[in-house]
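S.K.: Quick one: this structure, given as structure tokens, is what I'll be asking you about.
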Amino acid sequence: MVSLLKHRFPRFIKPGLIYLGIVFFVYLLLDKRFIFWGDELWSYFYAAKPFFRFLNEYFFVRADNHPPLYYILLSIIHKIFQVTPQSDIIFRIPSILFFLLTVWFINVKFLKNTTERAIFLVLITFAPYFILYSRMVRYYTMAALLLIIAYYYLRLWLDNKERSGRSMLILLLALLVWTDYPGFLYFMAVMSVELLLKKRWKDIGLIYGVLLIVALPLAIINMPDVALHAQLGYQTYAGLMKQFILGICFPFYYFLIGDYFELKTFFLLIPLIFYGIYVVVRSRDKTMICYFLGFILINAFFLTFMIKRYPVFSYARFILFACFLFYIMLSRHLAEKIKNRFWVVLLVLGINVVVITNYLGFRNFINPVYFIPADQLKNGFLLLQKKYPDLKIMKPEPYKEESYFGDKYFPGLVEADLNKQGYYLLLKSMRLGENLTDLNRYLTEYESKYQFKVEYLSGFDNINIRSKAILFRLHFMKIPYKYYWIVYKKS
């Protein structure tokens with residue numbers, strides 16, 4: 001029986017099964033630590049709407065600035081499992097499964113031997129970058145899976161002359177444009193350069209013709225949003241160059257360390273960036289290098305010149321595909337070049353354990369938008385409830401963290417009718433780029449609309465104070481994400 005299993009299942013399946021269990025355990029454990037952040041809440045509320053109402057609103061009322069395919073998938077899951085805020089962990093499972101399918105596909109199609117596969121599995125399992133993004137209730141891992149498979153069929157078509165590769169490529173790109181705009185545009189840009197250099201004029205016409213027809217409905221409904229968001233982020237030449245250089249260099253650190261940044265590990269920043277560049281440059285797969293660097297460069301250019309709300313490196317989620325390519329090259333490099341690879345892998349794992357521990361403790365994040373500590377919110381509410389025994393949780397609008405917090409943890413205390421006398425609690429989250437002037441305007445609006453009086457106001461950051469000071473001095477952050485407890489009184 002044992003010999004039969006060994007014959008039927010290659011050796012890399014065993015670490016793969018262990019890997020599956022560890023990933024699900026770690027990722028779902030993290031779910032209990034964090035409440036959904038803003039974009040995840042949009043995913044939830046789109047899915048929670050009646051299916052045809054969602055389609056009608058998306059296409060004929062106001063489109064979200066992301067494609068609808070992932071939302072449609074979540075909507076189907078919501079209808080099958082009747083997901084509520086208390087069972088919202090179900091929505092994390094598709095993202096994790098897409099991630100695992102991508103890892104499986106890479107193991108089968110891109111890695112040549114057991115050593116490469118084992119190193120890849122060990123490194124990627126505990127990579128903080130993937131622990132962060134692969135469990136989000138967003139389209140990121142779905143897009144990365146489509147991109148990895150599309151890249152494989154592109155190579156099958158161009159390198160091995162198999163025409164079936166072109167058909168599969170067009171199908172995957174059609175799905176991708178309905179899943180992830182940046183990933184689709186980045187991939188098309190790099191692929192177009194390759195096809196032009198190879199003088200594949202007819203193929204370019206065919207691919208662009210089909211995709212133009214597929215993408216036309218999305219282009220029409222999203223045109224107003226494109227015009228609204230196409231803004232120059234930094235006016236000075238120095239500011240533009242700083243952001244562009246950060247956008248090129250920082251992903252190497254981000255891929256290896258994730259969203260973690262602390263004074264104790266600052267010395268790792270420059271060496272990791274240079275080591276990441278070295279791994280890419282030394283790779284034998286020149287085509288993969290071109291696609292990896294193409295994604296990094298285009299992403300940095302796009303975010304520098306088109307988006308002004310966030311620092312350029314905070315959009316690492318746009319280049320999840322590039323990170324998979326990086327780990328393929330890293331695993332090959334360690335398997336071929338490094339004699340003492342066991343100690344190198346052990347060192348990386350040691351760093352990752354430190355980072356994961358910080359994730360669980362809500363400490364030292366570069367971009368704290370993603371980390372909303374559930375326990376801190378619940379404990380804060382319970383303390384305020386002792387001071388105001390009849391405290392109710394306001395539900396001013398359904399698509400915000402302040403509303404979802406009440407629905408998830410204290411559904412019996414959520415109050416949508418704000419005309420009753422008593423005390424009302426509002427958890428207000430201030431996004432990057434907002435300030436106290438915006439908060440005061442918000443307070444005044446509620447005071448005048450509902451005849452409220454502010455009884456209590458207190459704010460907290462979900463980021464380590466020392467780390468925040470470092471990030472500000474390095475100009476790595478704008479204004480951090482901040483939360484305010486506001487207790488209103490209505491007489």
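Ordering of the structure tokens sets the chain letters (A, B, ...); residue numbers start at 1 within each chain; ligands are numbered from 1 in the order shown.
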Using only C-alpha atoms, which protein or nucleic acid residues come within 7 Å of stretch 445-454 of chain A? Drop anything in the same chain fewer than 6 positions from it, and give the result as a PyMOL selection string.
M.R.: chain A and resi 418-419+487-490
S.K.: So which residues touch A:Glu162 within 9 Å, counting only C-alpha atoms, skipping near sequence neighbours fewer than 5 positions away, as an mmCIF file with N, CA and C atoms, in the first residue's frame?
M.R.:
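Result file is around-v7.cif:
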```cif
data_model
loop_
_atom_site.group_PDB
_atom_site.id
_atom_site.type_symbol
_atom_site.label_atom_id
_atom_site.label_comp_id
_atom_site.auth_asym_id
_atom_site.auth_seq_id
_atom_site.Cartn_x
_atom_site.Cartn_y
_atom_site.Cartn_z
ATOM 1 N N TYR A 153 0.453 29.695 -20.623
ATOM 2 C CA TYR A 153 -0.043 29.419 -21.981
ATOM 3 C C TYR A 153 0.570 30.368 -23.014
ATOM 4 N N LEU A 156 3.709 28.650 -23.747
ATOM 5 C CA LEU A 156 3.425 27.438 -24.515
ATOM 6 C C LEU A 156 3.186 27.782 -25.981
ATOM 7 N N TRP A 157 2.534 28.902 -26.211
ATOM 8 C CA TRP A 157 2.216 29.348 -27.573
ATOM 9 C C TRP A 157 3.453 29.895 -28.285
#
```
S.K.: Would you pick out the contacts of A:Pro217 at 12 Å or less, using only C-alpha atoms, so that residues sharing its chain but fewer than 3 positions from it are not included, and give the list as a list in words?
M.R.: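 Counting only C-alpha atoms, the residues come to Tyr58, Phe59, Phe60, Ala63, Pro67, Pro68, Val177, Trp178, Leu211, Leu212, Ile213, Val214, Ile220, Ile221, Asn222 and Met223 of chain A.
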S.K.: I'd like the neighbourhood of A:Val281 as JSON, numbers by chain, where a residue qualifies if any of its atoms comes within 12 Å (using only C-alpha atoms), though same-chain residues fewer than 4 positions away should be ignored.
M.R.: {"A": [274, 275, 276, 277, 285, 286, 287, 288, 289, 290, 292, 293, 326, 329, 330, 333]}
S.K.: Store the residues picked out above in a file with all heavy atoms, as a short mmCIF file (atom, residue, chain, number, x, y, z; two decimals), in the first residue's frame.
M.R.:
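Result file follows (part-v1.cif):
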```cif
data_model
loop_
_atom_site.label_atom_id
_atom_site.label_comp_id
_atom_site.auth_asym_id
_atom_site.auth_seq_id
_atom_site.Cartn_x
_atom_site.Cartn_y
_atom_site.Cartn_z
N PHE A 274 18.76 44.67 -2.28
CA PHE A 274 19.86 44.30 -3.17
C PHE A 274 19.87 42.79 -3.44
O PHE A 274 20.16 42.36 -4.57
CB PHE A 274 21.20 44.74 -2.59
CG PHE A 274 21.52 46.18 -2.89
CD1 PHE A 274 21.40 47.15 -1.92
CD2 PHE A 274 21.93 46.57 -4.16
CE1 PHE A 274 21.69 48.48 -2.20
CE2 PHE A 274 22.21 47.89 -4.45
CZ PHE A 274 22.10 48.85 -3.47
N TYR A 275 19.55 41.99 -2.41
CA TYR A 275 19.51 40.54 -2.63
C TYR A 275 18.40 40.17 -3.60
O TYR A 275 18.58 39.32 -4.48
CB TYR A 275 19.32 39.80 -1.30
CG TYR A 275 19.27 38.30 -1.47
CD1 TYR A 275 20.39 37.58 -1.87
CD2 TYR A 275 18.08 37.60 -1.26
CE1 TYR A 275 20.34 36.21 -2.05
CE2 TYR A 275 18.01 36.23 -1.45
CZ TYR A 275 19.15 35.54 -1.84
OH TYR A 275 19.10 34.18 -2.03
N GLY A 276 17.24 40.82 -3.46
CA GLY A 276 16.14 40.57 -4.38
C GLY A 276 16.51 40.91 -5.81
O GLY A 276 16.23 40.14 -6.74
N ILE A 277 17.18 42.04 -6.00
CA ILE A 277 17.63 42.43 -7.34
C ILE A 277 18.65 41.42 -7.88
O ILE A 277 18.60 41.03 -9.06
CB ILE A 277 18.24 43.85 -7.30
CG1 ILE A 277 17.15 44.88 -6.95
CG2 ILE A 277 18.89 44.20 -8.64
CD1 ILE A 277 17.68 46.27 -6.70
N ASP A 285 15.98 32.51 -16.60
CA ASP A 285 14.75 32.69 -17.39
C ASP A 285 14.58 34.17 -17.71
O ASP A 285 13.97 34.94 -16.97
CB ASP A 285 13.55 32.17 -16.59
CG ASP A 285 12.30 32.02 -17.45
OD1 ASP A 285 12.21 32.73 -18.47
OD2 ASP A 285 11.43 31.21 -17.11
N LYS A 286 15.15 34.58 -18.85
CA LYS A 286 15.15 36.00 -19.20
C LYS A 286 13.75 36.53 -19.48
O LYS A 286 13.44 37.69 -19.19
CB LYS A 286 16.04 36.23 -20.44
CG LYS A 286 17.49 35.75 -20.26
CD LYS A 286 18.15 36.36 -19.02
CE LYS A 286 19.57 35.85 -18.84
NZ LYS A 286 20.16 36.34 -17.56
N THR A 287 12.88 35.68 -20.02
CA THR A 287 11.51 36.12 -20.29
C THR A 287 10.78 36.42 -18.98
O THR A 287 10.07 37.42 -18.86
CB THR A 287 10.74 35.03 -21.07
OG1 THR A 287 11.46 34.71 -22.25
CG2 THR A 287 9.36 35.53 -21.45
N MET A 288 10.96 35.55 -17.99
CA MET A 288 10.34 35.77 -16.69
C MET A 288 10.86 37.05 -16.05
O MET A 288 10.10 37.79 -15.42
CB MET A 288 10.58 34.57 -15.76
CG MET A 288 9.81 34.64 -14.45
SD MET A 288 9.96 33.14 -13.44
CE MET A 288 9.00 31.98 -14.43
N ILE A 289 12.14 37.32 -16.21
CA ILE A 289 12.71 38.57 -15.69
C ILE A 289 12.00 39.77 -16.32
O ILE A 289 11.64 40.72 -15.64
CB ILE A 289 14.23 38.65 -15.99
CG1 ILE A 289 14.99 37.58 -15.20
CG2 ILE A 289 14.77 40.04 -15.64
CD1 ILE A 289 16.47 37.53 -15.54
N CYS A 290 11.79 39.70 -17.63
CA CYS A 290 11.15 40.82 -18.34
C CYS A 290 9.73 41.06 -17.83
O CYS A 290 9.33 42.21 -17.61
CB CYS A 290 11.14 40.56 -19.83
SG CYS A 290 12.77 40.61 -20.60
N PHE A 292 8.50 40.13 -14.88
CA PHE A 292 8.59 40.58 -13.49
C PHE A 292 8.92 42.07 -13.42
O PHE A 292 8.22 42.85 -12.77
CB PHE A 292 9.65 39.76 -12.75
CG PHE A 292 9.96 40.27 -11.38
CD1 PHE A 292 9.13 39.97 -10.31
CD2 PHE A 292 11.06 41.08 -11.15
CE1 PHE A 292 9.40 40.45 -9.04
CE2 PHE A 292 11.34 41.56 -9.89
CZ PHE A 292 10.51 41.25 -8.83
N LEU A 293 9.99 42.46 -14.11
CA LEU A 293 10.40 43.87 -14.08
C LEU A 293 9.36 44.76 -14.76
O LEU A 293 9.15 45.90 -14.35
CB LEU A 293 11.76 44.03 -14.76
CG LEU A 293 12.94 43.39 -14.03
CD1 LEU A 293 14.23 43.59 -14.83
CD2 LEU A 293 13.11 43.97 -12.63
N PHE A 326 8.73 36.15 -8.59
CA PHE A 326 9.93 36.35 -7.78
C PHE A 326 10.24 35.10 -6.96
O PHE A 326 11.40 34.67 -6.88
CB PHE A 326 9.73 37.55 -6.85
CG PHE A 326 10.88 37.79 -5.90
CD1 PHE A 326 12.05 38.36 -6.35
CD2 PHE A 326 10.79 37.40 -4.58
CE1 PHE A 326 13.13 38.56 -5.49
CE2 PHE A 326 11.85 37.60 -3.70
CZ PHE A 326 13.02 38.18 -4.16
N MET A 329 11.78 32.40 -9.10
CA MET A 329 13.20 32.67 -9.35
C MET A 329 14.03 32.47 -8.08
O MET A 329 15.16 31.95 -8.14
CB MET A 329 13.37 34.10 -9.88
CG MET A 329 12.83 34.28 -11.29
SD MET A 329 13.15 35.92 -12.00
CE MET A 329 11.89 36.90 -11.18
N LEU A 330 13.49 32.86 -6.93
CA LEU A 330 14.21 32.68 -5.67
C LEU A 330 14.41 31.20 -5.35
O LEU A 330 15.51 30.79 -4.94
CB LEU A 330 13.44 33.37 -4.53
CG LEU A 330 14.03 33.24 -3.12
CD1 LEU A 330 15.42 33.88 -3.06
CD2 LEU A 330 13.10 33.91 -2.10
N HIS A 333 17.01 29.80 -7.61
CA HIS A 333 18.33 30.32 -7.22
C HIS A 333 18.88 29.56 -6.02
O HIS A 333 20.04 29.14 -6.02
CB HIS A 333 18.20 31.81 -6.91
CG HIS A 333 19.44 32.42 -6.35
ND1 HIS A 333 20.54 32.73 -7.13
CD2 HIS A 333 19.76 32.79 -5.07
CE1 HIS A 333 21.48 33.25 -6.37
NE2 HIS A 333 21.04 33.30 -5.13
#
```
S.K.: Assign secondary structure with DSSP using the backbone only, and return the residues of stretch 112-313 of chain A in helix (DSSP H, G or I) as an NGL selection string.
M.R.: :A and (114-125 or 128-133 or 140-160 or 163-177 or 181-197 or 201-229 or 237-257 or 263-281 or 286-306 or 312-313)
S.K.: Using only C-alpha atoms, which residue out of A:Val348, A:Ala174, A:Met168, A:Ile131 lies closest to A:Leu69?
M.R.: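 That would be A:Ala174, the residue with the smallest distance to A:Leu69.
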S.K.: If you measure from atom CA of A:Asp203 to atom CA of A:Gly165, what distance in Å do you get, rounded to one decimal?
M.R.: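 Separation of atom CA of A:Asp203 and atom CA of A:Gly165: 12.2 Å.
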S.K.: Pick out the closest residue to A:Asn65 from this set: A:Ala300, A:Gly350, A:Ala219, A:Ile270. Count only C-alpha atoms.
M.R.: A:Ala219
S.K.: Using only C-alpha atoms, which protein or nucleic acid residues come within 7 Å of stretch 45-55 of chain A? Drop anything in the same chain fewer than 4 positions from it, and give the result as a PDB file with C-alpha atoms, in the first residue's frame.
M.R.:
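What follows is the written file result26.pdb:
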```
ATOM      1  CA  LEU A  41     -16.587  45.436   3.308  1.00  0.00           C
ATOM      2  CA  PHE A  59     -24.157  48.214 -14.830  1.00  0.00           C
ATOM      3  CA  TYR A  71     -18.276  40.108  -6.788  1.00  0.00           C
ATOM      4  CA  LEU A  74     -19.044  36.046  -3.834  1.00  0.00           C
ATOM      5  CA  SER A  75     -22.719  36.757  -4.456  1.00  0.00           C
ATOM      6  CA  HIS A  78     -23.494  34.258  -0.234  1.00  0.00           C
ATOM      7  CA  TYR A 399     -20.813  50.248   3.781  1.00  0.00           C
TER       8      TYR A 399
END
```
S.K.: Find the spatial neighbours of A:Ile486, counting only C-alpha atoms, within a cut-off of 9 Å - ignore same-chain residues fewer than 3 positions away - and output them as a ChimeraX atom specification.
M.R.: /A:424-428,443,454-459
S.K.: Within 12 Å of stretch 187-201 of chain A, counting only C-alpha atoms, which residues qualify if same-chain residues fewer than 5 places away don't, as a ChimeraX atom specification?
M.R.: /A:143-144,146-148,150-151,154-155,157-159,169-170,172-174,176-177,180-182,206-208,211,287-299,318-319,321-322
S.K.: Give the answer as one residue: which of A:Asp259, A:Glu336, A:Asp417, A:Asp438 has the shortest atom-to-atom distance to A:Ile119, using only C-alpha atoms?
M.R.: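 Going through A:Asp259, A:Glu336, A:Asp417, A:Asp438 one by one, the smallest distance to A:Ile119 is for A:Glu336.
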S.K.: Rounded to one decimal in Å, what is the spacing between atom CA of A:Ile393 and atom CA of A:Lys408?
M.R.: 11.6 Å
